[in-house]
Amino acid sequence: MRLHELEDLIMAAWITKEDIDSILWVLMDREKQPDEDELANLLIGLHSLHDARMTKLFNGYEQVLKTNKVTYKGYGILKNPPTL
């Protein structure tokens with residue numbers, strides 16, 4: 001995975017905000033108010049989607065660390081320094 005692909009995963013994580021906006025619309029602006037089951041299903045779905053996005057993002061982050069030379073704050077400390 002390349003760094004620009006990781007950026008795409010980070011940007012996809014922001015979709016959760018739009019999902020929350022949609023749920024707020026259902027709660028506050030939709031003519032027919034949701035019942036308890038519908039609200040629970042919306043929140044369970046949001047929870048699952050957010051978890052999947054974050055898992056995918058973290059997997060991408062791990063891939064970038066494995067395939068690229070990683071330094072710590074520009075000090076050149078390698079991610080897997082040789083052991084004595």
# chains A, B, ... in the order shown; residues from 1 in each chain; ligands from 1
call {"tool": "residues_around", "arguments": {"residues": "range 43-46 of chain A", "least_positions_apart": "2", "cutoff": "12 Å", "atoms": "only C-alpha atoms", "output": "list in words"}}
result
Ile15, Thr16, Lys17, Glu18, Asp19, Ile20, Asp21, Ser22, Ile23, Leu24, Val26, Leu27, Pro34, Glu36, Asp37, Glu38, Leu39, Ala40, Asn41, Ser48, Leu49, His50, Asp51, Ala52 and Arg53 of chain A
call {"tool": "closest_residue", "arguments": {"among": "A:Gln63, A:Arg30, A:His47, A:Thr55", "to": "Leu3 in chain A", "atoms": "only C-alpha atoms"}}
result
A:Gln63
call {"tool": "atom_distance", "arguments": {"atom1": "CA of Ile10 in chain A", "atom2": "CA of Leu65 in chain A"}}
result
15.2 Å
call {"tool": "residues_around", "arguments": {"residues": "Glu5 in chain A", "least_positions_apart": "6", "cutoff": "12 Å", "atoms": "only C-alpha atoms", "output": "list in words"}}
result
Met11, Ala12, Lys56, Leu57, Asn59, Gly60, Tyr61, Gln63 and Val64 of chain A
call {"tool": "write_last_selection", "arguments": {"atoms": "N, CA and C atoms", "output": "PDB file, in the first residue's frame"}}
result
ATOM      1  N   MET A  11      -9.571   9.715   4.523  1.00  0.00           N
ATOM      2  CA  MET A  11     -10.666  10.557   4.066  1.00  0.00           C
ATOM      3  C   MET A  11     -12.000   9.809   4.136  1.00  0.00           C
ATOM      4  N   ALA A  12     -11.991   8.516   3.861  1.00  0.00           N
ATOM      5  CA  ALA A  12     -13.225   7.716   3.935  1.00  0.00           C
ATOM      6  C   ALA A  12     -13.756   7.651   5.365  1.00  0.00           C
ATOM      7  N   LYS A  56     -10.343  -1.106   8.482  1.00  0.00           N
ATOM      8  CA  LYS A  56      -9.710  -1.001   7.166  1.00  0.00           C
ATOM      9  C   LYS A  56      -8.599   0.048   7.188  1.00  0.00           C
ATOM     10  N   LEU A  57      -8.844   1.163   7.844  1.00  0.00           N
ATOM     11  CA  LEU A  57      -7.835   2.215   7.958  1.00  0.00           C
ATOM     12  C   LEU A  57      -6.614   1.723   8.716  1.00  0.00           C
ATOM     13  N   ASN A  59      -5.604  -1.353   9.130  1.00  0.00           N
ATOM     14  CA  ASN A  59      -4.898  -2.342   8.319  1.00  0.00           C
ATOM     15  C   ASN A  59      -4.033  -1.658   7.267  1.00  0.00           C
ATOM     16  N   GLY A  60      -4.556  -0.600   6.654  1.00  0.00           N
ATOM     17  CA  GLY A  60      -3.766   0.160   5.694  1.00  0.00           C
ATOM     18  C   GLY A  60      -2.555   0.807   6.332  1.00  0.00           C
ATOM     19  N   TYR A  61      -2.739   1.337   7.525  1.00  0.00           N
ATOM     20  CA  TYR A  61      -1.640   1.949   8.278  1.00  0.00           C
ATOM     21  C   TYR A  61      -0.552   0.907   8.564  1.00  0.00           C
ATOM     22  N   GLN A  63       0.053  -1.774   6.844  1.00  0.00           N
ATOM     23  CA  GLN A  63       0.696  -2.099   5.566  1.00  0.00           C
ATOM     24  C   GLN A  63       1.744  -1.045   5.196  1.00  0.00           C
ATOM     25  N   VAL A  64       1.407   0.221   5.397  1.00  0.00           N
ATOM     26  CA  VAL A  64       2.355   1.291   5.083  1.00  0.00           C
ATOM     27  C   VAL A  64       3.593   1.163   5.964  1.00  0.00           C
TER      28      VAL A  64
END
call {"tool": "select_by_dssp", "arguments": {"residues": "chain A", "states": "helix (DSSP H, G or I)", "output": "ChimeraX atom specification"}}
result
/A:3-13,15-28,36-67
